[in-house]
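Shown here: protein37.pdb, PDB, C-alpha atoms and all ligand atoms.
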ATOM      1  CA  MET A  17      -6.780 -23.003  -9.112  1.00  0.00           C
ATOM      2  CA  ALA A  18      -9.689 -24.420  -7.065  1.00  0.00           C
ATOM      3  CA  MET A  19      -9.033 -24.242  -3.333  1.00  0.00           C
ATOM      4  CA  PRO A  20     -10.554 -26.607  -0.798  1.00  0.00           C
ATOM      5  CA  ASP A  21     -13.495 -24.987   1.014  1.00  0.00           C
ATOM      6  CA  SER A  22     -11.667 -24.934   4.339  1.00  0.00           C
ATOM      7  CA  ALA A  23      -8.528 -23.189   3.003  1.00  0.00           C
ATOM      8  CA  PRO A  24      -8.398 -19.441   3.643  1.00  0.00           C
ATOM      9  CA  PRO A  25      -8.510 -17.402   0.425  1.00  0.00           C
ATOM     10  CA  PRO A  26      -5.029 -17.018  -1.133  1.00  0.00           C
ATOM     11  CA  VAL A  27      -3.129 -13.750  -0.728  1.00  0.00           C
ATOM     12  CA  LEU A  28      -0.556 -12.225  -3.051  1.00  0.00           C
ATOM     13  CA  THR A  29       1.487  -9.533  -1.292  1.00  0.00           C
ATOM     14  CA  LEU A  30       3.158  -6.621  -3.084  1.00  0.00           C
ATOM     15  CA  ASP A  31       5.482  -4.574  -0.909  1.00  0.00           C
ATOM     16  CA  GLY A  32       7.998  -1.895  -1.773  1.00  0.00           C
ATOM     17  CA  PRO A  33       8.845   1.797  -1.529  1.00  0.00           C
ATOM     18  CA  SER A  34       6.708   4.560  -2.985  1.00  0.00           C
ATOM     19  CA  GLY A  35       6.721   4.749  -6.756  1.00  0.00           C
ATOM     20  CA  SER A  36       7.837   1.143  -7.178  1.00  0.00           C
ATOM     21  CA  GLY A  37       4.630   0.449  -9.098  1.00  0.00           C
ATOM     22  CA  LYS A  38       2.772  -1.522  -6.417  1.00  0.00           C
ATOM     23  CA  GLY A  39      -0.520   0.342  -6.755  1.00  0.00           C
ATOM     24  CA  THR A  40      -0.834   0.188 -10.533  1.00  0.00           C
ATOM     25  CA  ILE A  41       0.449  -3.362 -10.757  1.00  0.00           C
ATOM     26  CA  GLY A  42      -1.599  -4.545  -7.794  1.00  0.00           C
ATOM     27  CA  GLN A  43      -4.822  -3.261  -9.260  1.00  0.00           C
ATOM     28  CA  LEU A  44      -4.093  -4.803 -12.635  1.00  0.00           C
ATOM     29  CA  LEU A  45      -3.283  -8.125 -11.001  1.00  0.00           C
ATOM     30  CA  ALA A  46      -6.439  -8.034  -8.896  1.00  0.00           C
ATOM     31  CA  GLY A  47      -8.472  -7.248 -12.034  1.00  0.00           C
ATOM     32  CA  ARG A  48      -6.900 -10.088 -14.006  1.00  0.00           C
ATOM     33  CA  LEU A  49      -7.408 -12.573 -11.184  1.00  0.00           C
ATOM     34  CA  GLY A  50     -10.841 -11.326 -10.141  1.00  0.00           C
ATOM     35  CA  TRP A  51      -9.446 -10.958  -6.606  1.00  0.00           C
ATOM     36  CA  HIS A  52      -9.986  -8.218  -4.016  1.00  0.00           C
ATOM     37  CA  PHE A  53      -7.426  -5.444  -3.693  1.00  0.00           C
ATOM     38  CA  LEU A  54      -6.118  -3.875  -0.490  1.00  0.00           C
ATOM     39  CA  ASP A  55      -4.327  -0.542  -0.803  1.00  0.00           C
ATOM     40  CA  SER A  56      -3.022  -0.520   2.787  1.00  0.00           C
ATOM     41  CA  GLY A  57      -1.194   2.791   2.286  1.00  0.00           C
ATOM     42  CA  ALA A  58      -4.591   4.449   1.824  1.00  0.00           C
ATOM     43  CA  LEU A  59      -5.570   3.345   5.357  1.00  0.00           C
ATOM     44  CA  TYR A  60      -2.489   5.055   6.818  1.00  0.00           C
ATOM     45  CA  ARG A  61      -3.078   8.056   4.567  1.00  0.00           C
ATOM     46  CA  ALA A  62      -6.693   8.354   5.754  1.00  0.00           C
ATOM     47  CA  VAL A  63      -5.633   8.171   9.413  1.00  0.00           C
ATOM     48  CA  GLY A  64      -2.886  10.761   8.867  1.00  0.00           C
ATOM     49  CA  TYR A  65      -5.264  13.014   6.985  1.00  0.00           C
ATOM     50  CA  LEU A  66      -7.956  12.826   9.678  1.00  0.00           C
ATOM     51  CA  ALA A  67      -5.408  13.363  12.457  1.00  0.00           C
ATOM     52  CA  ARG A  68      -4.167  16.501  10.725  1.00  0.00           C
ATOM     53  CA  ARG A  69      -7.699  17.762  10.150  1.00  0.00           C
ATOM     54  CA  HIS A  70      -8.607  17.221  13.803  1.00  0.00           C
ATOM     55  CA  GLY A  71      -5.476  19.010  14.944  1.00  0.00           C
ATOM     56  CA  ILE A  72      -3.994  15.855  16.500  1.00  0.00           C
ATOM     57  CA  ASP A  73      -0.217  15.719  16.809  1.00  0.00           C
ATOM     58  CA  ALA A  74       1.197  12.984  14.501  1.00  0.00           C
ATOM     59  CA  GLY A  75       3.363  11.830  17.403  1.00  0.00           C
ATOM     60  CA  ASP A  76       0.481  11.440  19.885  1.00  0.00           C
ATOM     61  CA  ALA A  77       0.346   7.631  19.662  1.00  0.00           C
ATOM     62  CA  GLU A  78      -2.608   7.082  21.954  1.00  0.00           C
ATOM     63  CA  THR A  79      -4.926   9.616  20.312  1.00  0.00           C
ATOM     64  CA  VAL A  80      -3.963   8.667  16.753  1.00  0.00           C
ATOM     65  CA  ALA A  81      -4.357   4.937  17.522  1.00  0.00           C
ATOM     66  CA  ASP A  82      -7.767   5.625  19.029  1.00  0.00           C
ATOM     67  CA  LEU A  83      -8.723   7.528  15.878  1.00  0.00           C
ATOM     68  CA  ALA A  84      -7.479   4.626  13.724  1.00  0.00           C
ATOM     69  CA  ALA A  85      -9.451   2.084  15.774  1.00  0.00           C
ATOM     70  CA  ARG A  86     -12.656   4.143  15.605  1.00  0.00           C
ATOM     71  CA  THR A  87     -12.521   4.862  11.882  1.00  0.00           C
ATOM     72  CA  ASP A  88     -14.218   2.531   9.443  1.00  0.00           C
ATOM     73  CA  ILE A  89     -12.312   2.894   6.167  1.00  0.00           C
ATOM     74  CA  ARG A  90     -13.682   1.602   2.880  1.00  0.00           C
ATOM     75  CA  PHE A  91     -12.757   1.851  -0.762  1.00  0.00           C
ATOM     76  CA  ALA A  92     -15.160   2.740  -3.541  1.00  0.00           C
ATOM     77  CA  PRO A  93     -15.763  -0.406  -5.663  1.00  0.00           C
ATOM     78  CA  GLN A  94     -13.718   0.932  -8.596  1.00  0.00           C
ATOM     79  CA  HIS A  95     -10.995   2.991  -7.018  1.00  0.00           C
ATOM     80  CA  GLY A  96      -8.120   4.189  -9.166  1.00  0.00           C
ATOM     81  CA  ALA A  97      -4.513   4.600  -8.049  1.00  0.00           C
ATOM     82  CA  LEU A  98      -5.182   8.146  -6.911  1.00  0.00           C
ATOM     83  CA  ALA A  99      -8.719   7.789  -5.618  1.00  0.00           C
ATOM     84  CA  GLY A 100      -9.925   8.701  -2.172  1.00  0.00           C
ATOM     85  CA  VAL A 101     -11.546   6.572   0.525  1.00  0.00           C
ATOM     86  CA  ILE A 102     -14.738   6.591   2.573  1.00  0.00           C
ATOM     87  CA  ALA A 103     -13.973   7.093   6.270  1.00  0.00           C
ATOM     88  CA  ASN A 104     -16.897   6.624   8.672  1.00  0.00           C
ATOM     89  CA  GLY A 105     -19.198   7.282   5.736  1.00  0.00           C
ATOM     90  CA  GLU A 106     -17.407  10.473   4.693  1.00  0.00           C
ATOM     91  CA  GLN A 107     -15.879  10.636   1.229  1.00  0.00           C
ATOM     92  CA  ILE A 108     -12.267  11.800   1.398  1.00  0.00           C
ATOM     93  CA  GLY A 109     -11.046  12.845  -2.019  1.00  0.00           C
ATOM     94  CA  PRO A 110      -7.749  12.516  -3.852  1.00  0.00           C
ATOM     95  CA  GLU A 111      -6.128  14.970  -1.409  1.00  0.00           C
ATOM     96  CA  ILE A 112      -5.004  11.918   0.594  1.00  0.00           C
ATOM     97  CA  ARG A 113      -2.647  11.188  -2.345  1.00  0.00           C
ATOM     98  CA  THR A 114      -0.517  14.300  -2.106  1.00  0.00           C
ATOM     99  CA  GLU A 115       3.068  13.978  -0.875  1.00  0.00           C
ATOM    100  CA  GLU A 116       2.055  15.969   2.204  1.00  0.00           C
ATOM    101  CA  SER A 117      -0.541  13.322   3.064  1.00  0.00           C
ATOM    102  CA  GLY A 118       2.093  10.670   2.357  1.00  0.00           C
ATOM    103  CA  GLU A 119       4.361  12.376   4.864  1.00  0.00           C
ATOM    104  CA  TRP A 120       1.613  12.357   7.519  1.00  0.00           C
ATOM    105  CA  ALA A 121       0.813   8.725   6.691  1.00  0.00           C
ATOM    106  CA  SER A 122       4.442   7.770   7.109  1.00  0.00           C
ATOM    107  CA  ARG A 123       4.633   9.551  10.486  1.00  0.00           C
ATOM    108  CA  VAL A 124       1.514   7.949  11.968  1.00  0.00           C
ATOM    109  CA  ALA A 125       2.553   4.595  10.433  1.00  0.00           C
ATOM    110  CA  ALA A 126       5.717   4.657  12.552  1.00  0.00           C
ATOM    111  CA  LEU A 127       3.576   4.375  15.722  1.00  0.00           C
ATOM    112  CA  PRO A 128       3.230   0.707  16.814  1.00  0.00           C
ATOM    113  CA  ALA A 129      -0.185   1.376  18.419  1.00  0.00           C
ATOM    114  CA  VAL A 130      -1.523   2.692  15.109  1.00  0.00           C
ATOM    115  CA  ARG A 131      -0.209  -0.361  13.261  1.00  0.00           C
ATOM    116  CA  ARG A 132      -1.895  -2.609  15.828  1.00  0.00           C
ATOM    117  CA  ALA A 133      -5.179  -0.706  15.423  1.00  0.00           C
ATOM    118  CA  LEU A 134      -5.110  -1.274  11.657  1.00  0.00           C
ATOM    119  CA  LEU A 135      -3.910  -4.894  11.654  1.00  0.00           C
ATOM    120  CA  GLN A 136      -7.252  -6.714  11.824  1.00  0.00           C
ATOM    121  CA  LYS A 137      -8.904  -4.171   9.516  1.00  0.00           C
ATOM    122  CA  GLN A 138      -6.333  -5.141   6.872  1.00  0.00           C
ATOM    123  CA  ARG A 139      -6.746  -8.881   7.479  1.00  0.00           C
ATOM    124  CA  ASP A 140     -10.502  -8.509   7.036  1.00  0.00           C
ATOM    125  CA  PHE A 141      -9.887  -7.792   3.343  1.00  0.00           C
ATOM    126  CA  ARG A 142      -8.849 -11.436   2.873  1.00  0.00           C
ATOM    127  CA  GLN A 143     -11.988 -12.697   1.240  1.00  0.00           C
ATOM    128  CA  SER A 144     -12.850 -15.247  -1.391  1.00  0.00           C
ATOM    129  CA  PRO A 145     -11.696 -15.782  -4.113  1.00  0.00           C
ATOM    130  CA  GLY A 146      -8.409 -14.091  -3.110  1.00  0.00           C
ATOM    131  CA  LEU A 147      -6.616 -10.880  -2.207  1.00  0.00           C
ATOM    132  CA  VAL A 148      -3.841  -8.783  -3.693  1.00  0.00           C
ATOM    133  CA  ALA A 149      -2.412  -6.700  -0.831  1.00  0.00           C
ATOM    134  CA  ASP A 150      -0.199  -3.680  -1.480  1.00  0.00           C
ATOM    135  CA  GLY A 151       1.923  -1.978   1.195  1.00  0.00           C
ATOM    136  CA  ARG A 152       5.173  -2.091   3.142  1.00  0.00           C
ATOM    137  CA  ASP A 153       4.656  -4.997   5.555  1.00  0.00           C
ATOM    138  CA  MET A 154       2.068  -7.149   3.813  1.00  0.00           C
ATOM    139  CA  GLY A 155       4.458 -10.090   3.466  1.00  0.00           C
ATOM    140  CA  THR A 156       6.334  -9.639   6.750  1.00  0.00           C
ATOM    141  CA  THR A 157       3.539  -8.861   9.224  1.00  0.00           C
ATOM    142  CA  VAL A 158      -0.011  -8.684   7.914  1.00  0.00           C
ATOM    143  CA  PHE A 159      -0.106 -11.806   5.707  1.00  0.00           C
ATOM    144  CA  PRO A 160       2.952 -13.893   6.622  1.00  0.00           C
ATOM    145  CA  GLY A 161       1.286 -16.983   5.107  1.00  0.00           C
ATOM    146  CA  ALA A 162       0.730 -15.395   1.665  1.00  0.00           C
ATOM    147  CA  VAL A 163       1.001 -17.809  -1.246  1.00  0.00           C
ATOM    148  CA  LEU A 164       3.346 -15.410  -3.081  1.00  0.00           C
ATOM    149  CA  LYS A 165       5.266 -12.403  -1.772  1.00  0.00           C
ATOM    150  CA  ILE A 166       6.675  -9.856  -4.190  1.00  0.00           C
ATOM    151  CA  PHE A 167       8.931  -6.975  -3.176  1.00  0.00           C
ATOM    152  CA  LEU A 168       9.097  -4.354  -5.912  1.00  0.00           C
ATOM    153  CA  THR A 169      11.990  -1.932  -6.174  1.00  0.00           C
ATOM    154  CA  ALA A 170      13.096   0.679  -8.710  1.00  0.00           C
ATOM    155  CA  SER A 171      15.795   3.323  -8.743  1.00  0.00           C
ATOM    156  CA  PRO A 172      14.922   6.472  -6.712  1.00  0.00           C
ATOM    157  CA  ALA A 173      15.041   8.595  -9.901  1.00  0.00           C
ATOM    158  CA  MET A 174      12.613   6.286 -11.672  1.00  0.00           C
ATOM    159  CA  ARG A 175      10.263   6.189  -8.675  1.00  0.00           C
ATOM    160  CA  ALA A 176      10.213   9.967  -8.403  1.00  0.00           C
ATOM    161  CA  GLN A 177       9.480  10.243 -12.134  1.00  0.00           C
ATOM    162  CA  ARG A 178       6.530   7.873 -11.797  1.00  0.00           C
ATOM    163  CA  ARG A 179       5.062   9.711  -8.826  1.00  0.00           C
ATOM    164  CA  TYR A 180       5.598  13.034 -10.602  1.00  0.00           C
ATOM    165  CA  LYS A 181       3.690  11.838 -13.669  1.00  0.00           C
ATOM    166  CA  GLN A 182       0.866  10.371 -11.553  1.00  0.00           C
ATOM    167  CA  LEU A 183       0.408  13.538  -9.504  1.00  0.00           C
ATOM    168  CA  LYS A 184       0.680  15.856 -12.530  1.00  0.00           C
ATOM    169  CA  GLU A 185      -1.983  13.848 -14.340  1.00  0.00           C
ATOM    170  CA  LYS A 186      -4.296  14.475 -11.401  1.00  0.00           C
ATOM    171  CA  GLY A 187      -3.655  18.199 -11.648  1.00  0.00           C
ATOM    172  CA  PHE A 188      -1.474  18.527  -8.530  1.00  0.00           C
ATOM    173  CA  ASP A 189       1.223  21.181  -8.573  1.00  0.00           C
ATOM    174  CA  VAL A 190       4.456  19.198  -8.101  1.00  0.00           C
ATOM    175  CA  ASN A 191       8.132  19.951  -8.342  1.00  0.00           C
ATOM    176  CA  LEU A 192      10.318  17.011  -9.398  1.00  0.00           C
ATOM    177  CA  ALA A 193      13.411  17.962  -7.398  1.00  0.00           C
ATOM    178  CA  ARG A 194      11.371  18.467  -4.233  1.00  0.00           C
ATOM    179  CA  LEU A 195       9.519  15.215  -4.849  1.00  0.00           C
ATOM    180  CA  VAL A 196      12.821  13.280  -5.016  1.00  0.00           C
ATOM    181  CA  GLY A 197      13.797  14.691  -1.611  1.00  0.00           C
ATOM    182  CA  GLU A 198      10.385  13.975  -0.075  1.00  0.00           C
ATOM    183  CA  ILE A 199      10.300  10.404  -1.372  1.00  0.00           C
ATOM    184  CA  GLU A 200      13.813   9.714  -0.112  1.00  0.00           C
ATOM    185  CA  GLU A 201      12.944  11.104   3.305  1.00  0.00           C
ATOM    186  CA  ARG A 202       9.704   9.109   3.540  1.00  0.00           C
ATOM    187  CA  ASP A 203      11.362   5.855   2.430  1.00  0.00           C
ATOM    188  CA  ALA A 204      14.186   6.357   4.933  1.00  0.00           C
ATOM    189  CA  ARG A 205      11.638   6.796   7.746  1.00  0.00           C
ATOM    190  CA  ASP A 206       9.575   3.777   6.598  1.00  0.00           C
ATOM    191  CA  ALA A 207      12.702   1.595   6.440  1.00  0.00           C
ATOM    192  CA  ALA A 208      14.240   2.790   9.718  1.00  0.00           C
ATOM    193  CA  ARG A 209      11.208   2.464  12.003  1.00  0.00           C
ATOM    194  CA  GLU A 210      11.122  -0.373  14.511  1.00  0.00           C
ATOM    195  CA  ALA A 211       7.529  -1.480  13.925  1.00  0.00           C
ATOM    196  CA  SER A 212       7.168  -3.459  10.694  1.00  0.00           C
ATOM    197  CA  PRO A 213       9.777  -1.557   8.679  1.00  0.00           C
ATOM    198  CA  LEU A 214       9.816  -1.490   4.905  1.00  0.00           C
ATOM    199  CA  MET A 215      11.799  -4.626   4.006  1.00  0.00           C
ATOM    200  CA  PRO A 216      11.366  -7.765   1.933  1.00  0.00           C
ATOM    201  CA  ALA A 217      10.123 -10.872   3.746  1.00  0.00           C
ATOM    202  CA  ASP A 218      12.737 -13.649   3.871  1.00  0.00           C
ATOM    203  CA  ASP A 219      10.702 -15.622   1.358  1.00  0.00           C
ATOM    204  CA  ALA A 220       9.842 -12.685  -0.949  1.00  0.00           C
ATOM    205  CA  CYS A 221      10.779 -12.511  -4.641  1.00  0.00           C
ATOM    206  CA  VAL A 222      12.540  -9.180  -5.139  1.00  0.00           C
ATOM    207  CA  LEU A 223      11.822  -7.588  -8.503  1.00  0.00           C
ATOM    208  CA  ASP A 224      13.572  -4.459  -9.794  1.00  0.00           C
ATOM    209  CA  THR A 225      11.057  -2.782 -12.100  1.00  0.00           C
ATOM    210  CA  SER A 226      13.332   0.105 -13.234  1.00  0.00           C
ATOM    211  CA  ASN A 227      13.625  -1.311 -16.737  1.00  0.00           C
ATOM    212  CA  MET A 228      10.428  -3.320 -16.933  1.00  0.00           C
ATOM    213  CA  SER A 229       7.119  -2.245 -18.427  1.00  0.00           C
ATOM    214  CA  ILE A 230       3.965  -2.596 -16.339  1.00  0.00           C
ATOM    215  CA  ALA A 231       2.778  -5.375 -18.657  1.00  0.00           C
ATOM    216  CA  GLU A 232       6.050  -7.269 -18.176  1.00  0.00           C
ATOM    217  CA  VAL A 233       5.802  -7.081 -14.385  1.00  0.00           C
ATOM    218  CA  VAL A 234       2.161  -8.211 -14.402  1.00  0.00           C
ATOM    219  CA  HIS A 235       3.008 -11.104 -16.735  1.00  0.00           C
ATOM    220  CA  HIS A 236       5.968 -12.172 -14.604  1.00  0.00           C
ATOM    221  CA  VAL A 237       4.051 -12.044 -11.314  1.00  0.00           C
ATOM    222  CA  LEU A 238       1.085 -13.946 -12.787  1.00  0.00           C
ATOM    223  CA  ALA A 239       3.438 -16.684 -14.006  1.00  0.00           C
ATOM    224  CA  LEU A 240       4.984 -16.967 -10.530  1.00  0.00           C
ATOM    225  CA  LEU A 241       1.563 -17.035  -8.902  1.00  0.00           C
ATOM    226  CA  HIS A 242       0.172 -19.746 -11.160  1.00  0.00           C
ATOM    227  CA  GLU A 243       3.270 -21.813 -10.469  1.00  0.00           C
ATOM    228  CA  ARG A 244       2.742 -21.459  -6.694  1.00  0.00           C
ATOM    229  CA  LEU A 245      -0.981 -22.151  -6.829  1.00  0.00           C
ATOM    230  CA  GLY A 246      -0.284 -25.183  -9.044  1.00  0.00           C
ATOM    231  CA  GLN A 247       2.171 -26.508  -6.460  1.00  0.00           C
ATOM    232  CA  GLN A 248      -0.476 -26.132  -3.748  1.00  0.00           C
ATOM    233  CA  ALA A 249      -3.278 -27.851  -5.664  1.00  0.00           C
TER     234      ALA A 249
HETATM  235  O1  LIG B 301       1.836   3.269  -0.280  1.00  0.00           O
HETATM  236  P1  LIG B 301       1.611   4.735   0.157  1.00  0.00           P
HETATM  237  O2  LIG B 301       2.606   5.681  -0.445  1.00  0.00           O
HETATM  238  O3  LIG B 301       0.212   5.158  -0.091  1.00  0.00           O
HETATM  239  O4  LIG B 301       1.855   4.724   1.744  1.00  0.00           O
HETATM  240  C1  LIG B 301       1.840   5.905   2.503  1.00  0.00           C
HETATM  241  C2  LIG B 301       2.643   5.719   3.771  1.00  0.00           C
HETATM  242  O5  LIG B 301       1.954   4.791   4.615  1.00  0.00           O
HETATM  243  C3  LIG B 301       4.032   5.134   3.589  1.00  0.00           C
HETATM  244  O6  LIG B 301       5.010   6.148   3.476  1.00  0.00           O
HETATM  245  C4  LIG B 301       4.247   4.319   4.817  1.00  0.00           C
HETATM  246  C5  LIG B 301       2.876   3.948   5.288  1.00  0.00           C
HETATM  247  N1  LIG B 301       2.539   2.545   5.048  1.00  0.00           N
HETATM  248  C6  LIG B 301       2.976   1.624   5.970  1.00  0.00           C
HETATM  249  O7  LIG B 301       3.689   1.980   6.900  1.00  0.00           O
HETATM  250  N2  LIG B 301       2.617   0.328   5.857  1.00  0.00           N
HETATM  251  C7  LIG B 301       1.861  -0.087   4.832  1.00  0.00           C
HETATM  252  N3  LIG B 301       1.516  -1.373   4.743  1.00  0.00           N
HETATM  253  C8  LIG B 301       1.437   0.839   3.859  1.00  0.00           C
HETATM  254  C9  LIG B 301       1.802   2.160   3.973  1.00  0.00           C
END
What's the structure tokens form of this structure?
Ligand code: DC
Amino acid sequence: MAMPDSAPPPVLTLDGPSGSGKGTIGQLLAGRLGWHFLDSGALYRAVGYLARRHGIDAGDAETVADLAARTDIRFAPQHGALAGVIANGEQIGPEIRTEESGEWASRVAALPAVRRALLQKQRDFRQSPGLVADGRDMGTTVFPGAVLKIFLTASPAMRAQRRYKQLKEKGFDVNLARLVGEIEERDARDAAREASPLMPADDACVLDTSNMSIAEVVHHVLALLHERLGQQA
């Protein structure tokens, strides 16, 4: 798996709708590989959260993009699937993980100027020895040269169940029926927007995880990755 010194660190992209398992699987993969992990949704969530807190309209592209450009967003070294972020030195807790924050994230993420403001910040996570990048447009826009692109899907019912369990475990008050509606609405907006919509890259491997365990998905993706890296060596 040794890469020549001049080659940029390899990237594995994991895209897909909410609840498809990207976050959990991405973190496990990064742990197994000893690679960095980019939870790009958390960047959009942090921007949406801060916009809301500052009373900025989610449709005000210029002001939200300016906020995104000015905000330094970092992850704690060991961040779990529902952890917060550190924005300009301020710890923002797990409240960025609620469906309401997801809704705000999805709205600000539809603004091309906001996506432009976050593009280089995301690319900066590509560091040695490698990066696992989780999001909606990792394979199509942010890392088009990724060594392996995975697009995870699962049935809407299964995705809602997973989100429900995750949020409940964190003590959030959630209603399953409402969650299904919110997830469907958010995915429809993410897929319909013009700027980097949620869709598989032409060269992505599409994996339906509805009937797969987390361990099976991790195993399958690692096998694909080792095959690709072997071909490159
Ligand atoms: O992955 P997530 O649920 O934390 O993402 C929250 C929202 O952020 C999602 O509904 C759409 C947006 N997003 C995006 O547009 N592009 C990404 N690469 C990641 C997230």
* **Residue nearest A:Asn227 - candidates A:Thr169, A:Ser34, A:Ser212, A:Asn104, atoms counted: only C-alpha atoms** =>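 Ranked by minimum distance to A:Asn227, first place goes to A:Thr169.
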Once the PyMOL selection byres (((not hetatm)) within 8 of (chain B and resi 301)) has been applied to the shown file, what residues remain in the selection, as a short mmCIF file (atom, residue, chain, number, x, y, z; two decimals) with C-alpha atoms, in the frame of the given file?
data_model
loop_
_atom_site.label_atom_id
_atom_site.label_comp_id
_atom_site.auth_asym_id
_atom_site.auth_seq_id
_atom_site.Cartn_x
_atom_site.Cartn_y
_atom_site.Cartn_z
CA ASP A 31 5.48 -4.57 -0.91
CA PRO A 33 8.85 1.80 -1.53
CA SER A 34 6.71 4.56 -2.98
CA GLY A 35 6.72 4.75 -6.76
CA LYS A 38 2.77 -1.52 -6.42
CA GLY A 39 -0.52 0.34 -6.76
CA ASP A 55 -4.33 -0.54 -0.80
CA SER A 56 -3.02 -0.52 2.79
CA GLY A 57 -1.19 2.79 2.29
CA ALA A 58 -4.59 4.45 1.82
CA LEU A 59 -5.57 3.34 5.36
CA TYR A 60 -2.49 5.06 6.82
CA ARG A 61 -3.08 8.06 4.57
CA ARG A 113 -2.65 11.19 -2.35
CA SER A 117 -0.54 13.32 3.06
CA GLY A 118 2.09 10.67 2.36
CA GLU A 119 4.36 12.38 4.86
CA TRP A 120 1.61 12.36 7.52
CA ALA A 121 0.81 8.72 6.69
CA SER A 122 4.44 7.77 7.11
CA ARG A 123 4.63 9.55 10.49
CA VAL A 124 1.51 7.95 11.97
CA ALA A 125 2.55 4.60 10.43
CA ALA A 126 5.72 4.66 12.55
CA ARG A 131 -0.21 -0.36 13.26
CA ASP A 150 -0.20 -3.68 -1.48
CA GLY A 151 1.92 -1.98 1.20
CA ARG A 152 5.17 -2.09 3.14
CA ASP A 153 4.66 -5.00 5.56
CA MET A 154 2.07 -7.15 3.81
CA ARG A 202 9.70 9.11 3.54
CA ASP A 203 11.36 5.86 2.43
CA ARG A 205 11.64 6.80 7.75
CA ASP A 206 9.57 3.78 6.60
CA SER A 212 7.17 -3.46 10.69
CA PRO A 213 9.78 -1.56 8.68
CA LEU A 214 9.82 -1.49 4.90
#
* I need the residue set behind the PyMOL selection byres (((chain A and resi 21-28) around 10) and not hetatm) for this file; please write it as a count of residues only. => 35
* **Hits from the PyMOL selection byres (((chain A and resi 75-88) around 7) and not hetatm), listed as a ChimeraX atom specification** => /A:63,67,73-74,89-90,103-104,124,127,129-130,133-134
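The spacing separating atom CA of A:Gln138 from atom CA of A:Glu198 amounts to 26.3 Å.
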* To do: Grab the atom CA of A:Pro172 to atom CA of A:Val196 distance for me, in Å with one decimal place.
  =>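 Computing the Euclidean distance for atom CA of A:Pro172 and atom CA of A:Val196 yields 7.3 Å.
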As JSON, please: the centre and edge lengths in Å, to one decimal, of an axis-aligned box enclosing every listed atom of stretch 117-120 of chain A with 6 Å added on each side.
{"center_x": 1.9, "center_y": 12.0, "center_z": 4.9, "size_x": 16.9, "size_y": 14.7, "size_z": 17.2}
* Mind checking which residues fall within 9 Å of A:Val234, counting all atoms listed in the file, ignoring those fewer than 2 positions away in the same chain, and posting them as a list of chain:residue names? => A:Ile41, A:Gly42, A:Leu44, A:Leu45, A:Ser229, A:Ile230, A:Ala231, A:Glu232, A:His236, A:Val237, A:Leu238, A:Ala239
* To do: Give the answer as one residue: which of A:Gly71, A:Glu116, A:Ala62, A:Gln43 has the shortest atom-to-atom distance to A:Phe188, using only C-alpha atoms?
  =>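 For A:Phe188, the nearest of the candidates is A:Glu116.
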* Give the answer as one residue: which of A:Thr157, A:Thr40, A:Gln247, A:Thr114 has the shortest atom-to-atom distance to A:Asp218, using all atoms listed in the file? =>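 Under the stated criterion, the closest residue is A:Thr157.
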* For each of A:Lys184, A:Leu195, A:Phe167, A:Met215, take the minimum atom-to-atom distance to A:Ser36, counting all atoms listed in the file, then give the residue where this is smallest. =>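 Distance minimum relative to A:Ser36 lands on A:Phe167.
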* **atom CA of A:Met228 to atom CA of A:Tyr180, distance in Å rounded to a single decimal** =>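 Between atom CA of A:Met228 and atom CA of A:Tyr180 the gap is 18.2 Å.
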* Asked: Which one of A:Ala170, A:Leu240, A:Ala217, A:Val158 sits closest to A:Gly37 if you count all atoms listed in the file?
  ->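 Nearest candidate to A:Gly37 out of A:Ala170, A:Leu240, A:Ala217, A:Val158: A:Ala170.
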* Asked: Taking only C-alpha atoms into account, which of A:Gly246, A:Glu115, A:Arg68, A:Gln107 comes nearest A:Gln182?
  -> A:Glu115
